[in-house]
Every structure is written in structure tokens, then in C-alpha cells.
Amino acid sequence: MSLRIGIDVGGTNTDGVLMQGRDVIAWAKHGTTREVSLGIQAVLRDLLGDSVSPSDVDAVMIGTTHFTNAVVQRRDLVSTGVVRICLPAGEAIPPLYDWPADMQACVGNHRFMVHGGHEFDGREIAPLDERELGEIADYLEANDIQSLAITSVFAPVTPEHEERAADYFHKRLPQLDITESHQIGRISLLERENATALNASLAPLAKRTISGFKHALETLNISANLYITQNDGTLMSADYAERYPVLTFSSGPTNSMRGAAALTGLKDGIVIDIGGTTTDIGMLVNGFPREASFVIDIGGVRTNFRMPDLVSIGLGGGSIVRDSDQRIGPDSVGYEIREKALVFGGETLTATDIAVAGGWADVGDRTLTSGIDAETLQHGQQTINDIITHGIDTIRTSADAVPVILVGGGSILVHGDLEGAANVHRPEHYLVANAIGAAIAQVSGEVDHVFSLEGITRQEALLAAENEARAKTIQAGANPETIEVVEIEEIPLPYLPSSAIRIRVKTVGDLH
Amino acid sequence: MWTIDYEDLENIAVGAGILGTGGGGNPYLGKLMTRRYLDEGVRIQVVTADSVPDDATCASVGGMGAPTVSIEKIQRGDEPLVALRALEQYTGKRVDYLVPWEIGGTNSMRPLVQAAKSGLPVVDADAMGRAFPELQMCTYSIYGVPGTPAAISDVRGDIALFPIASSDKLLERYARAVTIEMGGHAGIASPIMSGADMKRTVIPGTMTFARDLGAAVRAAREQLTDPVQAVLDVCDGQTLFAGKITSVERRMAKGFSRGEVVIEGLGDDRGETMSIDFQNENLIARRGDAVIATVPDLICIVDSTTAEPVTTDVLRYGLRVTVVGIPAPRLLKSTAALDVVGPGAFGYDVAFQPLAGVYGSER
């Protein structure tokens, strides 16, 4: 028997599924615990039950918002040295300059600029100077700084100076956690440098968290490979995630959308994930979330990660209903719904109460909603549908009606037709779509380079980029026969009549 | 005369982004470069063009190269000033005033950084009133102030001086070739001119215009009123179309990013289509098959909700956008100007049909 377990560790709940191929064998839901591995253990215990042997589990995939939350809440971040290899360029804006003050305080004021880096065509801006690196190493040692972020100009094209600097620091200070920017992000120095610094500052938390995950598996005698999902819906090994925790940012919504695709077999459509407080609406294109093209702000820090393009709305099962102005949300009773909602004997009128009173949801005690008058009920339903259809309209890309997939615990709120929806799918395991998305995730490889088309043709450059992406996918554990190109993008470099072109290729494949 | 404060800087960045008409680069980095000087208490003074004496010496400064390079290779910061000092040395003149060259996009900010470094005042004017891809597409050149002598400088402080060029178009070619060898980005100082020539040729008031435009948009966002309407009000502009982007095609031609974006109508425009041709900047807007706006009028694509400018490098499927038409400055609409910045200059066999209204700064 070949089984996979997918787990989604959210801020409130830890969800899990046991899957065989595309079939859900079992699912489980527990509250997320402060020590995250405890919640995971509870879920694993439920999933395995008495009948499943831990040795039958081939792989465990975990999606987590733990690291995003750490940044947003400014907790568990450590002092970090931030080195930019750029001089004589780069001085106009020093590292971390545009960070919020409280975020800067978390990582400390340990920023350096040294000579080096490369031009877009691979020439050195200046030679790397080990003497300058030595002075930084002295400083880090004297100030007991354990994490270091290194960013070099045009490192996504030419990582040489980052690699040499990392080697140097590693030899001098073997205990140092080092993040190199070319492993993290794409062209656009400040955003990549920010992400690299965030990653380095998360290093100790990443070690604790990932070893907590591993410990949970060991406790249940599961020896299967552990993978962590990335923001693009694909997997990385647990060891890789331990080194690059920022790559998990925003993986939750991605997993839920991928799960919705798997549950329905649809490759294109709109996914509406309604939780307790918020609704995320995204667009599936060819089985993957459509990505946002704008700068993504995480806890006030600009980054250039690939993130799903989402419309987030303050509507969920716990949203508070105010009939006086026919408004629902954005405030919510959240996880306290089991005490505060009318159907659970509370005093607050929530969106869930409307759905139960209307008879299209069956949660708690319906008789407790008898005080809701017909007009409130009708307005409530109308408002919920208006909010959702406005969200659909914002995200959809053509006037044509599109299939809509409803997932998440709050999806019981939606009743009747949705304008703009060709049809509405409510898959059976809608409660755990996010965990399913994690369980079915593939592995990927991505390349984003500027090619100078001197001596090679555009076709050769495209092929070189694709081959490199394929090699990265295989390295990540893919079966070479399943690899396909999911994205290919060419961006000429404007205002430069030389033949330079930026090529971005992403390939994905199934795990072995 | 006014002194730039933090609010002005934010406002100019937003306004200059919109006036970039899809190109010109994002003013974000320039804003950060300038903000550092405000942090240090440096005063950057902006003076009206009128107040500059005829016999004063003025020079334009800015950056040249690819935005894709400048977002990765952050500048040293004083490249245009190094070029300016070389120009001073060559001509034996001492510059009294800095003049922006291109108010649209990131070049709105570079003169401010140079002013902060040098203590020189900045003239409230520019030579494009928007963004254009090439340096001869400016009112200096159109109205007889040659681009030469010109100087460009890279991050290392290397300098290339162009004492003479037989045309500004050739100066553009040579300077751009050197810019590539300099790593894809350079600071430039050109032209150097008398106060009288500056006043005769510039589009006055554009720094204030960018500031007021940005202020109106930011106020509308904060007060939850319509930021797109705010753009129209300040710019004497009109909504050409509103809808969703359904296709973007890009190709490389002579080193420029050319392409076409197609927008399907929403609301009042439902059932109709707009297509816009761009070459770094937006050039030609068609409703169906009919051309309804052309360069040099400003064709600005902004996010329908926030009025955030959508530059040609981030155009993508699915964005909800409003296309705003802003009438070009008067100086760009003369016969002489249209030869240089009209549709024909970009290879289009289309007549320029001016949009109604008056460019904001000349109200």
C-alpha cells in the first residue's frame, strides 16, 4: 500500500489527510498547539488509527504558516548580519533602509556593503575583497551574531561572489547560519535582499520547527520522507526548508487551491476558501494558482516572492452580522465561535447563524436562531452572496462565467446561485482541501536569468534555461518522465539595444 | 520656492509614476535615495523657472539605461553629479541650477538626489512632461538647445564626454552604446544652457504638477473616494476605457520592449475592447479599430481601484485597469515637436489627434 499524508498547520487548526493516489482514506482536524509538533502528533494519530501501519506511509507533506506568522508578529527572529556585495554601486540605498522600525529592531543594525558583485552580462563590478569580509567576520564574532544574509548584485545570474563570500565566512565562523540571496529570490536587489535577511533571521526557529515536525513523525514511528510545501504549491525536502524557511510564505492559500483542483479535477476556475474570519479567492490556471505580479509585503517588508494572486475579504463563519446597516464582517468572533455564535448558545449574531437559520447549513442548535426575523435572514443571505460575487468579479479574467470551487469550513455560508459562476462545486472533503493540496504537491525547479544573446541565439538561451530548470526539478526528487514546463516568460531588457533578455522558466514533476 | 519634505516626496513619487505613461521606471528607488537626505536634515529647494536669471547657468541631470538593471544594480547615487562636474570642467562654466529632464518615472527623483548632494536648487520644470524612451525626445532638443556637450558616468566614476554630435539622435545612440558598456545604467548631464534658454524651452511647473497629482491620489485613497477621479481632476484628463487586461504580447525590437495589451471593457465599456501599443511607454490607444489617443498625449494605465500606475513591464492578464488620457503639454504639440515625439517618430502612420484639455501645469 502506498500512502501519503498531507498536513496543513494553520494559525488556528492543524488539518491532515491520509491519501492513496487521489483518494482520501481518512482526515483529521485538531487545534494548532503552541508547540506545533503536538498538534501534528494528534492529527497523525487520528489518521493512522489502529488499522494503518506507519511503514505503509511513503511520504508526509506539511504546509505551515508558522514562519509567516513569526515575521508578522515579530517573534522568534534573531540578530542578523546583512552583507551586500555591491561597491562601488549600491551605496545610494543601504540594506534594510525601508524596513519598519520594529522589524529593523528585531534583526538589529548590522549591515555592511563591500566591493564586488557583477554586471548583467557577467562582468565583475569590482573584485571581491577578502580583507573587507574579514572585518565583518570580526564584527560578527565580537557581537555574537549567529545569522548572516549575503546578497550580491546580479547573483541570480552570476552567484560567484555570494558563493565565495559564503565559503569565506563558513571557514572563519563555522557555526554561522548563512543565507545566500541567489537561493532565495529573483532579480530586484532590495526585495531579494530583504527576503534573504528575513530567511537568515528565521534560522533558529526553522531548525526548532522542522526538528519538531521530524520528532512528531518519529514519535508515531513514521520513517517516510518529510516534505514542506512552498509558496508556489510545490515541495521542498525538510532539510531544504530548514535552510530556507521563507520559501514557505503564503503556502497555505496555495495548498488550498491546489487541493480544490485535485478534489474536483478542474484545472481552471475560481477557488473560494472561506474560513472563520476571512475568505481567500484565487484563480486556478492550469492547475496552479495564478501568481501576483506586484511586490509582496510581508510584515511591512517588501519582497519579490512568487505568491498566489488572492483577493482576501473579511467574511467567514464567525463574521459578526449587523443588521442595522446590512453589514457582515470584517470583524469576527474567530475561534470563539463555539462560545459566541447563537447556534452554540452564545449572544452574537454571526454569519453561521444566518446559514443555519436559513436551513442550508446544519451546525449547532437551529432552534436557538428562532429570534432571527425573516428580513434579517434575507438581507444576511443577500449580503453574503454580494460579498462573494464581488470577489469573484474582481479575480476573474473574462466576462465568461467560470467554474467556482467552494472549500473551507465557512463555505457552508454560501447558498443559491452565484453571479458569474458557470457552476458551483462543493467537493466532499472541502474541510481539508489545504491538507489535500499539501499531500498531492509536486516538486519544481525555477530559473530566472538575464541572458546576453552574444554568441547564442534566443532559442538556445530558452533551451538552456529550460534544461537548467529540469535539472533542478530532478535534483528536488522528481521523476524525470513526469516533468513539464508550467511557465515560460521572456522579458526583453528595455532601453538597452544590446541583445540582453531575461528568461524565467518553471518546471514541475511528480515525486519518485 | 519651496522645500521638499517627506510628504512631497511621497506625492511626487506617486504622481511621477502616473506621468511615466507605462515607462520611465519606478520612482520607488529614487524616493528612498532622496529620503535618506531628508533624514539627515538636508534641504532640497525647488524654484520656479521664472525666478531663474537669464544669465544663470542651468544643466539637466538624470539617469540613462534599463530599469531592469537599475532595480538590481542599485546606484552609487552621485553618478549624474559626477557627469555634471565633468561637463563644468569641460565648458569652464559653473552650474547654478539643476533642471529635471524627464518628470515621468524614476528620472523625477534623480535631480533631487543630486540637489541634496550638491546643495544646488532644482527648477520646477522638465523637458518631457512625461516619460520618453530617447534623449532627443525632449523640448530642449526640439526648440534648439543641443544635447551636446554631454557627459555620462558609471558607478566607478568613469566618465564619457560627448563634446559634439551631428544630431541629438546620434548623441542618443552613442551615449546608449556607452551606457551598455557601463553596465546598463549611467548618470547623465545634458544639456548645459543659459537661464534664458532653459526658460524658453522647458515645460514649467511639472514638479509641482507631479506633487499635486500624487497628493490628490493619496488623499483619495485615504478618504476612500475614487483615486482615478482624482487623477482626472488634477490632470484635466479623461477616462478612455475601463476594463480587464485579457492579453499582453511583448517582443523585442531594436532593444526596446514593444508590445500590445488588450483590455476587455467592464461597466460602461462592457462588450468593447481597447488595445494599446507600447514601446516602453504607451503610444497608441484604439477602441475597437479606431485610434482614440496617440503619443505625445499621455496614455496612462492605472489600477482601477487604487490609481496605482501599471507599468508596461507588469502588465498582465486579469488586472482591472482604467486607461486615462492626459493631454500633452503644449510644447509637445507643435509641428516641430510632433516630428520628434508624434506617432510618426515611433513608426506609426497615424495622425496625432489631440485629446481635449490642457496639460495640468498650464491651467
# chains A, B, ... in the order shown; residues from 1 in each chain; ligands from 1

$ interface_residues --of "chain B" --to "chain A" --cutoff "8 Å" --atoms "only C-alpha atoms" --output "PyMOL selection string"
chain B and resi 29+32-33+36+65-69+71-77+133+155-156+176-177+180+183-184+244-246+250-252+254-257+264+280+314+316-320

$ write_last_selection --atoms "N, CA and C atoms" --output "compact mmCIF listing (two decimals), in the first residue's frame"
# COMPACT_ATOMS: atom_id res chain seq x y z
N LEU B 29 12.80 53.55 -5.93
CA LEU B 29 14.20 53.58 -5.51
C LEU B 29 14.70 55.02 -5.37
N LEU B 32 13.59 56.48 -2.13
CA LEU B 32 14.40 56.07 -0.98
C LEU B 32 15.74 56.81 -0.95
N MET B 33 16.34 56.96 -2.15
CA MET B 33 17.63 57.67 -2.20
C MET B 33 17.49 59.08 -1.69
N ARG B 36 16.80 59.52 2.29
CA ARG B 36 17.97 59.45 3.17
C ARG B 36 18.50 60.83 3.49
N GLY B 65 19.42 54.26 -19.19
CA GLY B 65 19.66 52.82 -19.15
C GLY B 65 18.39 52.04 -18.92
N ALA B 66 18.54 50.78 -18.50
CA ALA B 66 17.41 49.88 -18.37
C ALA B 66 16.91 49.83 -16.93
N PRO B 67 15.61 50.05 -16.72
CA PRO B 67 15.07 49.90 -15.37
C PRO B 67 15.35 48.51 -14.78
N THR B 68 15.34 47.48 -15.63
CA THR B 68 15.62 46.13 -15.13
C THR B 68 17.01 46.05 -14.53
N VAL B 69 17.94 46.83 -15.06
CA VAL B 69 19.27 46.86 -14.46
C VAL B 69 19.26 47.69 -13.18
N ILE B 71 16.98 48.24 -11.00
CA ILE B 71 16.37 47.64 -9.81
C ILE B 71 17.31 46.61 -9.18
N GLU B 72 18.29 46.14 -9.95
CA GLU B 72 19.21 45.14 -9.41
C GLU B 72 20.54 45.79 -9.00
N LYS B 73 21.08 46.58 -9.90
CA LYS B 73 22.33 47.28 -9.58
C LYS B 73 21.96 48.65 -9.04
N ILE B 74 21.74 48.72 -7.72
CA ILE B 74 21.40 49.99 -7.09
C ILE B 74 22.56 50.95 -7.36
N GLN B 75 22.24 52.21 -7.56
CA GLN B 75 23.29 53.15 -7.94
C GLN B 75 24.18 53.54 -6.75
N ARG B 76 25.31 54.13 -7.11
CA ARG B 76 26.12 54.74 -6.07
C ARG B 76 25.40 56.00 -5.59
N GLY B 77 24.74 56.68 -6.52
CA GLY B 77 23.87 57.80 -6.15
C GLY B 77 24.27 59.12 -6.77
N PRO B 133 11.35 57.38 -24.41
CA PRO B 133 12.45 56.40 -24.39
C PRO B 133 13.81 56.96 -24.80
N VAL B 155 29.07 53.73 -12.14
CA VAL B 155 29.25 53.58 -10.69
C VAL B 155 30.71 53.70 -10.26
N ARG B 156 31.62 53.46 -11.18
CA ARG B 156 33.05 53.55 -10.83
C ARG B 156 33.58 54.96 -10.93
N ARG B 176 23.93 55.75 -25.51
CA ARG B 176 23.32 54.50 -25.07
C ARG B 176 24.29 53.32 -25.24
N ALA B 177 25.08 53.37 -26.33
CA ALA B 177 26.07 52.31 -26.54
C ALA B 177 27.07 52.29 -25.38
N ILE B 180 25.54 50.87 -22.14
CA ILE B 180 25.54 49.40 -22.06
C ILE B 180 26.88 48.90 -21.56
N GLY B 183 27.58 48.95 -17.99
CA GLY B 183 26.82 48.02 -17.16
C GLY B 183 25.32 48.25 -17.20
N GLY B 184 24.86 48.96 -18.24
CA GLY B 184 23.41 49.05 -18.44
C GLY B 184 22.75 50.23 -17.77
N LYS B 244 -10.65 44.94 -18.01
CA LYS B 244 -9.67 43.98 -17.53
C LYS B 244 -8.72 43.60 -18.63
N ILE B 245 -7.46 43.44 -18.28
CA ILE B 245 -6.47 43.05 -19.27
C ILE B 245 -6.70 41.59 -19.63
N THR B 246 -6.84 41.33 -20.92
CA THR B 246 -7.06 39.94 -21.33
C THR B 246 -5.90 39.38 -22.13
N ARG B 250 4.50 40.75 -25.82
CA ARG B 250 5.73 41.55 -25.79
C ARG B 250 6.71 40.97 -26.80
N ARG B 251 7.45 41.84 -27.42
CA ARG B 251 8.52 41.36 -28.28
C ARG B 251 9.64 42.40 -28.22
N MET B 252 10.81 41.94 -28.60
CA MET B 252 11.95 42.85 -28.56
C MET B 252 12.19 43.39 -29.94
N LYS B 254 14.75 46.30 -31.76
CA LYS B 254 15.82 47.29 -31.62
C LYS B 254 16.09 47.60 -30.15
N GLY B 255 16.04 46.59 -29.34
CA GLY B 255 16.40 46.78 -27.94
C GLY B 255 15.29 47.34 -27.07
N PHE B 256 14.17 47.70 -27.67
CA PHE B 256 13.08 48.22 -26.86
C PHE B 256 12.00 47.17 -26.70
N SER B 257 11.34 47.25 -25.56
CA SER B 257 10.27 46.32 -25.29
C SER B 257 9.01 46.83 -25.96
N GLU B 264 -10.46 44.15 -22.10
CA GLU B 264 -11.89 43.94 -22.34
C GLU B 264 -12.67 44.85 -21.40
N ASN B 280 8.11 50.59 -24.40
CA ASN B 280 8.43 51.07 -23.04
C ASN B 280 7.26 51.90 -22.50
N VAL B 314 4.83 45.30 -15.90
CA VAL B 314 3.98 44.48 -15.03
C VAL B 314 2.57 44.27 -15.57
N ARG B 316 -0.33 42.50 -16.99
CA ARG B 316 -0.60 41.08 -17.08
C ARG B 316 -2.09 40.81 -17.07
N TYR B 317 -2.37 39.65 -17.63
CA TYR B 317 -3.70 39.09 -17.70
C TYR B 317 -4.47 39.30 -16.39
N GLY B 318 -5.65 39.79 -16.50
CA GLY B 318 -6.53 39.80 -15.33
C GLY B 318 -6.55 41.08 -14.52
N LEU B 319 -5.58 41.95 -14.71
CA LEU B 319 -5.61 43.19 -13.92
C LEU B 319 -6.79 44.06 -14.35
N ARG B 320 -7.44 44.67 -13.36
CA ARG B 320 -8.53 45.62 -13.64
C ARG B 320 -7.93 47.00 -13.74

$ residues_around --residues "segment 57-74 of chain A" --least-positions-apart "2" --cutoff "9 Å" --atoms "only C-alpha atoms" --output "number ranges by chain"
A: 1-11, 16, 18, 36, 52-55, 76-77, 102-103, 106, 198, 202, 205-206, 209, 213, 217, 222-230, 235, 245-246, 248-252, 255, 298-300, 434-435, 437-441

$ select_by_dssp --residues "segment 129-331 of chain B" --states "helix (DSSP H, G or I)" --output "PyMOL selection string"
chain B and resi 139-142+168-181+195-201+206-222+227-235+267-269+330-331

$ atom_distance --atom1 "atom CA of Val114 of chain A" --atom2 "atom CA of Leu128 of chain A"
7.8 Å

$ residues_around --residues "segment 225-232 of chain B" --least-positions-apart "2" --cutoff "12 Å" --atoms "only C-alpha atoms" --output "MDAnalysis selection string"
chainID B and resid 14:19 209:223 234:242 300:309 321:327 357:360

$ atom_distance --atom1 "atom CA of Met257 of chain A" --atom2 "atom CA of Glu466 of chain A"
25.9 Å

$ select_by_dssp --residues "segment 72-235 of chain B" --states "strand (DSSP E or B)" --output "PyMOL selection string"
chain B and resi 97-100+122-123+125-126+150-153+159-162+185-194+203-204

$ residues_around --residues "Thr3 of chain B" --least-positions-apart "2" --cutoff "12 Å" --atoms "only C-alpha atoms" --output "list in words"
Met1, Asp5, Tyr6, Glu7, Asp8, Leu9, Leu38, Gly41, Val42, Arg43, Ile44, Gln45, Val46, Val47, Thr48, Leu112, Ala115, Ala116, Pro121, Val122, Val123, Asp124, Met207 and Thr208 of chain B

$ write_last_selection --atoms "N, CA, C and O atoms" --output "JSON list (two decimals), in the first residue's frame"
[["chain", "number", "residue", "atom", "x", "y", "z"],
["B", 1, "MET", "N", 9.32, 79.48, -4.33],
["B", 1, "MET", "CA", 10.30, 78.49, -3.88],
["B", 1, "MET", "C", 9.72, 77.64, -2.76],
["B", 1, "MET", "O", 9.04, 78.16, -1.89],
["B", 5, "ASP", "N", 9.60, 68.15, 1.46],
["B", 5, "ASP", "CA", 9.51, 67.41, 2.71],
["B", 5, "ASP", "C", 9.08, 65.97, 2.42],
["B", 5, "ASP", "O", 8.90, 65.58, 1.26],
["B", 6, "TYR", "N", 8.92, 65.18, 3.48],
["B", 6, "TYR", "CA", 8.61, 63.76, 3.30],
["B", 6, "TYR", "C", 7.32, 63.54, 2.51],
["B", 6, "TYR", "O", 7.24, 62.68, 1.65],
["B", 7, "GLU", "N", 6.32, 64.38, 2.84],
["B", 7, "GLU", "CA", 5.03, 64.24, 2.14],
["B", 7, "GLU", "C", 5.20, 64.54, 0.65],
["B", 7, "GLU", "O", 4.67, 63.83, -0.20],
["B", 8, "ASP", "N", 5.93, 65.63, 0.36],
["B", 8, "ASP", "CA", 6.17, 66.00, -1.04],
["B", 8, "ASP", "C", 6.80, 64.83, -1.79],
["B", 8, "ASP", "O", 6.43, 64.51, -2.92],
["B", 9, "LEU", "N", 7.76, 64.20, -1.13],
["B", 9, "LEU", "CA", 8.50, 63.13, -1.76],
["B", 9, "LEU", "C", 7.57, 61.96, -2.11],
["B", 9, "LEU", "O", 7.59, 61.44, -3.24],
["B", 38, "LEU", "N", 16.74, 63.66, 3.43],
["B", 38, "LEU", "CA", 15.79, 64.33, 4.32],
["B", 38, "LEU", "C", 16.04, 63.87, 5.76],
["B", 38, "LEU", "O", 16.00, 64.65, 6.70],
["B", 41, "GLY", "N", 18.50, 65.84, 7.37],
["B", 41, "GLY", "CA", 18.19, 67.26, 7.52],
["B", 41, "GLY", "C", 18.60, 68.11, 6.34],
["B", 41, "GLY", "O", 18.59, 69.34, 6.42],
["B", 42, "VAL", "N", 18.98, 67.48, 5.22],
["B", 42, "VAL", "CA", 19.36, 68.25, 4.04],
["B", 42, "VAL", "C", 18.11, 68.89, 3.43],
["B", 42, "VAL", "O", 17.07, 68.26, 3.34],
["B", 43, "ARG", "N", 18.23, 70.15, 3.03],
["B", 43, "ARG", "CA", 17.11, 70.85, 2.41],
["B", 43, "ARG", "C", 17.25, 70.82, 0.90],
["B", 43, "ARG", "O", 18.30, 71.17, 0.37],
["B", 44, "ILE", "N", 16.21, 70.40, 0.22],
["B", 44, "ILE", "CA", 16.22, 70.41, -1.24],
["B", 44, "ILE", "C", 15.23, 71.48, -1.69],
["B", 44, "ILE", "O", 14.04, 71.39, -1.40],
["B", 45, "GLN", "N", 15.78, 72.51, -2.37],
["B", 45, "GLN", "CA", 14.93, 73.64, -2.73],
["B", 45, "GLN", "C", 14.49, 73.58, -4.18],
["B", 45, "GLN", "O", 15.28, 73.26, -5.08],
["B", 46, "VAL", "N", 13.21, 73.86, -4.38],
["B", 46, "VAL", "CA", 12.64, 73.88, -5.72],
["B", 46, "VAL", "C", 12.25, 75.32, -6.04],
["B", 46, "VAL", "O", 11.58, 75.98, -5.25],
["B", 47, "VAL", "N", 12.73, 75.82, -7.18],
["B", 47, "VAL", "CA", 12.42, 77.21, -7.57],
["B", 47, "VAL", "C", 11.65, 77.21, -8.88],
["B", 47, "VAL", "O", 11.78, 76.29, -9.69],
["B", 48, "THR", "N", 10.85, 78.22, -9.11],
["B", 48, "THR", "CA", 10.12, 78.30, -10.38],
["B", 48, "THR", "C", 11.10, 78.66, -11.49],
["B", 48, "THR", "O", 12.12, 79.32, -11.26],
["B", 112, "LEU", "N", 16.66, 65.40, -7.65],
["B", 112, "LEU", "CA", 16.51, 65.71, -6.23],
["B", 112, "LEU", "C", 17.69, 65.16, -5.44],
["B", 112, "LEU", "O", 18.22, 65.82, -4.54],
["B", 115, "ALA", "N", 20.60, 67.34, -6.16],
["B", 115, "ALA", "CA", 20.44, 68.61, -5.46],
["B", 115, "ALA", "C", 20.84, 68.45, -4.00],
["B", 115, "ALA", "O", 21.51, 69.31, -3.42],
["B", 116, "ALA", "N", 20.42, 67.32, -3.41],
["B", 116, "ALA", "CA", 20.75, 67.09, -2.00],
["B", 116, "ALA", "C", 22.26, 66.97, -1.83],
["B", 116, "ALA", "O", 22.83, 67.46, -0.86],
["B", 121, "PRO", "N", 19.85, 74.34, -6.20],
["B", 121, "PRO", "CA", 18.40, 74.28, -6.28],
["B", 121, "PRO", "C", 17.93, 73.55, -7.55],
["B", 121, "PRO", "O", 18.67, 73.47, -8.53],
["B", 122, "VAL", "N", 16.69, 73.03, -7.47],
["B", 122, "VAL", "CA", 16.10, 72.33, -8.61],
["B", 122, "VAL", "C", 15.01, 73.22, -9.21],
["B", 122, "VAL", "O", 14.22, 73.81, -8.48],
["B", 123, "VAL", "N", 14.99, 73.31, -10.53],
["B", 123, "VAL", "CA", 13.97, 74.11, -11.19],
["B", 123, "VAL", "C", 12.69, 73.28, -11.33],
["B", 123, "VAL", "O", 12.73, 72.09, -11.67],
["B", 124, "ASP", "N", 11.56, 73.91, -11.04],
["B", 124, "ASP", "CA", 10.26, 73.25, -11.13],
["B", 124, "ASP", "C", 9.82, 73.19, -12.59],
["B", 124, "ASP", "O", 9.04, 74.02, -13.06],
["B", 207, "MET", "N", 7.20, 69.68, -11.65],
["B", 207, "MET", "CA", 7.47, 69.06, -10.34],
["B", 207, "MET", "C", 6.28, 69.30, -9.41],
["B", 207, "MET", "O", 5.83, 68.38, -8.71],
["B", 208, "THR", "N", 5.77, 70.50, -9.43],
["B", 208, "THR", "CA", 4.59, 70.82, -8.63],
["B", 208, "THR", "C", 3.39, 70.00, -9.12],
["B", 208, "THR", "O", 2.58, 69.53, -8.32]]

$ atom_distance --atom1 "atom CA of Ala59 of chain B" --atom2 "atom CA of Ile152 of chain B"
13.1 Å
